[in-house]
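Input: a single structure, listed below in C-alpha cells.
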Amino acid sequence: MAEEQARQRDLVPKPSVLFLHPDLGVGGAERLVLDAALALQARGCNVKIWTAHYDPGHCFAESRELPVHCAGDWLPRCLGWGGRGAAVCAYVRMVFLALYVLFLADEEFDVVVCDQAICIPLSLCSEPGHTVLSSVMC
C-alpha cells in the first residue's frame, strides 16, 4: 500500500517554480530566496532563479547549485554618486526583469515568487493557472 502511494506521488508532475530577485548578492533577502529555492528543489520542484544582477564571485555558495539567469545587468543600480535613486533603479530593474522573463525568456512556470510587489502584474499578463507570490523585504 505504501509502495503504491509512493509510486503515485512519483507520477504527479512537480511544479516549476521561478524566483525573481533584483540582485542576487550576499544579504538577508538573498539568503531567504536561496533557502526557499533549495528547499523546493529538494522536494522535487524544478527551480530557476532570474535576477537583474549576479556575480558568482560575490554570492552565497549555494547559489552556484541552482540555475541562475541574469537579465538587465546593464541597467544602472543607482543614479550618480552616493547611491542616490537606488530604490527607483531597483524598481525599474525588476520591471525590466519581469517583462523580459514573461515575453522574451520563453520560460515555462507554474509558480513565480517575486521579491518585490512590482511583479504582481505578472499574474495579469501570464497564462491562466499560474500563481504569482510576492514577498516584500523591508
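Residue numbering restarts at 1 in every chain; chains get A, B, ... in the order shown in the C-alpha cells, and ligands count up from 1 in that same order.
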### Message
Set the distance at 8 Å and use only C-alpha atoms: which residues neighbour Tyr54 of chain A once local chain neighbours fewer than 2 positions away are removed? I'd like the list as a list in words.
### Response
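In the requested form, the answer reads Asp23, Leu24, Gly25, Thr51, Ala52, Pro56, Cys59, Val68 and Cys70 of chain A.
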### Task
Would you list, as a list in words, the residues of segment 42-120 of chain A that end up in alpha helix (DSSP H) under DSSP run on this structure's backbone?
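Reading the DSSP output for segment 42-120 of chain A, alpha helix (DSSP H) covers Ala42, Ala86, Ala87, Val88, Cys89, Ala90, Tyr91, Val92, Arg93, Met94, Val95, Phe96, Leu97, Ala98, Leu99, Tyr100, Val101, Leu102 and Phe103 of chain A.
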Writing out the chosen residues with N, CA, C and O atoms as a PDB file, in the first residue's frame:
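Below is the file that was written, again_38.pdb:
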```pdb
ATOM      1  N   ALA A  42      14.782  20.385  -3.243  1.00  0.00           N
ATOM      2  CA  ALA A  42      14.939  19.136  -2.500  1.00  0.00           C
ATOM      3  C   ALA A  42      13.641  18.326  -2.495  1.00  0.00           C
ATOM      4  O   ALA A  42      13.672  17.100  -2.379  1.00  0.00           O
ATOM      5  N   ALA A  86      18.686  54.556  -5.639  1.00  0.00           N
ATOM      6  CA  ALA A  86      18.852  53.101  -5.670  1.00  0.00           C
ATOM      7  C   ALA A  86      17.500  52.383  -5.675  1.00  0.00           C
ATOM      8  O   ALA A  86      17.333  51.381  -6.374  1.00  0.00           O
ATOM      9  N   ALA A  87      16.538  52.893  -4.926  1.00  0.00           N
ATOM     10  CA  ALA A  87      15.224  52.246  -4.871  1.00  0.00           C
ATOM     11  C   ALA A  87      14.508  52.347  -6.220  1.00  0.00           C
ATOM     12  O   ALA A  87      13.901  51.380  -6.680  1.00  0.00           O
ATOM     13  N   VAL A  88      14.599  53.511  -6.858  1.00  0.00           N
ATOM     14  CA  VAL A  88      13.977  53.698  -8.167  1.00  0.00           C
ATOM     15  C   VAL A  88      14.622  52.768  -9.185  1.00  0.00           C
ATOM     16  O   VAL A  88      13.938  52.124  -9.994  1.00  0.00           O
ATOM     17  N   CYS A  89      15.950  52.674  -9.133  1.00  0.00           N
ATOM     18  CA  CYS A  89      16.658  51.801 -10.069  1.00  0.00           C
ATOM     19  C   CYS A  89      16.296  50.331  -9.841  1.00  0.00           C
ATOM     20  O   CYS A  89      16.115  49.575 -10.802  1.00  0.00           O
ATOM     21  N   ALA A  90      16.181  49.935  -8.587  1.00  0.00           N
ATOM     22  CA  ALA A  90      15.793  48.550  -8.293  1.00  0.00           C
ATOM     23  C   ALA A  90      14.394  48.269  -8.835  1.00  0.00           C
ATOM     24  O   ALA A  90      14.136  47.184  -9.375  1.00  0.00           O
ATOM     25  N   TYR A  91      13.508  49.233  -8.712  1.00  0.00           N
ATOM     26  CA  TYR A  91      12.146  49.105  -9.224  1.00  0.00           C
ATOM     27  C   TYR A  91      12.157  48.935 -10.748  1.00  0.00           C
ATOM     28  O   TYR A  91      11.523  48.019 -11.289  1.00  0.00           O
ATOM     29  N   VAL A  92      12.916  49.780 -11.434  1.00  0.00           N
ATOM     30  CA  VAL A  92      12.995  49.718 -12.896  1.00  0.00           C
ATOM     31  C   VAL A  92      13.625  48.404 -13.337  1.00  0.00           C
ATOM     32  O   VAL A  92      13.177  47.770 -14.302  1.00  0.00           O
ATOM     33  N   ARG A  93      14.664  47.963 -12.627  1.00  0.00           N
ATOM     34  CA  ARG A  93      15.326  46.705 -12.974  1.00  0.00           C
ATOM     35  C   ARG A  93      14.364  45.522 -12.816  1.00  0.00           C
ATOM     36  O   ARG A  93      14.377  44.589 -13.618  1.00  0.00           O
ATOM     37  N   MET A  94      13.526  45.542 -11.790  1.00  0.00           N
ATOM     38  CA  MET A  94      12.565  44.456 -11.593  1.00  0.00           C
ATOM     39  C   MET A  94      11.470  44.494 -12.647  1.00  0.00           C
ATOM     40  O   MET A  94      11.006  43.438 -13.093  1.00  0.00           O
ATOM     41  N   VAL A  95      11.032  45.675 -13.036  1.00  0.00           N
ATOM     42  CA  VAL A  95      10.044  45.773 -14.119  1.00  0.00           C
ATOM     43  C   VAL A  95      10.635  45.182 -15.393  1.00  0.00           C
ATOM     44  O   VAL A  95       9.995  44.366 -16.070  1.00  0.00           O
ATOM     45  N   PHE A  96      11.869  45.567 -15.710  1.00  0.00           N
ATOM     46  CA  PHE A  96      12.523  45.033 -16.894  1.00  0.00           C
ATOM     47  C   PHE A  96      12.660  43.517 -16.802  1.00  0.00           C
ATOM     48  O   PHE A  96      12.361  42.789 -17.750  1.00  0.00           O
ATOM     49  N   LEU A  97      13.113  43.030 -15.650  1.00  0.00           N
ATOM     50  CA  LEU A  97      13.310  41.591 -15.459  1.00  0.00           C
ATOM     51  C   LEU A  97      11.996  40.828 -15.627  1.00  0.00           C
ATOM     52  O   LEU A  97      11.948  39.804 -16.311  1.00  0.00           O
ATOM     53  N   ALA A  98      10.930  41.331 -15.013  1.00  0.00           N
ATOM     54  CA  ALA A  98       9.631  40.659 -15.110  1.00  0.00           C
ATOM     55  C   ALA A  98       9.139  40.620 -16.556  1.00  0.00           C
ATOM     56  O   ALA A  98       8.669  39.579 -17.034  1.00  0.00           O
ATOM     57  N   LEU A  99       9.259  41.735 -17.263  1.00  0.00           N
ATOM     58  CA  LEU A  99       8.830  41.770 -18.658  1.00  0.00           C
ATOM     59  C   LEU A  99       9.711  40.891 -19.535  1.00  0.00           C
ATOM     60  O   LEU A  99       9.217  40.209 -20.438  1.00  0.00           O
ATOM     61  N   TYR A 100      10.999  40.874 -19.262  1.00  0.00           N
ATOM     62  CA  TYR A 100      11.915  40.033 -20.029  1.00  0.00           C
ATOM     63  C   TYR A 100      11.561  38.556 -19.868  1.00  0.00           C
ATOM     64  O   TYR A 100      11.464  37.818 -20.837  1.00  0.00           O
ATOM     65  N   VAL A 101      11.364  38.141 -18.624  1.00  0.00           N
ATOM     66  CA  VAL A 101      11.039  36.735 -18.362  1.00  0.00           C
ATOM     67  C   VAL A 101       9.695  36.375 -18.985  1.00  0.00           C
ATOM     68  O   VAL A 101       9.537  35.309 -19.573  1.00  0.00           O
ATOM     69  N   LEU A 102       8.744  37.269 -18.889  1.00  0.00           N
ATOM     70  CA  LEU A 102       7.405  36.981 -19.379  1.00  0.00           C
ATOM     71  C   LEU A 102       7.332  36.916 -20.905  1.00  0.00           C
ATOM     72  O   LEU A 102       6.695  36.019 -21.456  1.00  0.00           O
ATOM     73  N   PHE A 103       8.022  37.833 -21.590  1.00  0.00           N
ATOM     74  CA  PHE A 103       7.859  37.930 -23.041  1.00  0.00           C
ATOM     75  C   PHE A 103       9.042  37.437 -23.874  1.00  0.00           C
ATOM     76  O   PHE A 103       8.867  37.101 -25.038  1.00  0.00           O
TER      77      PHE A 103
END
```
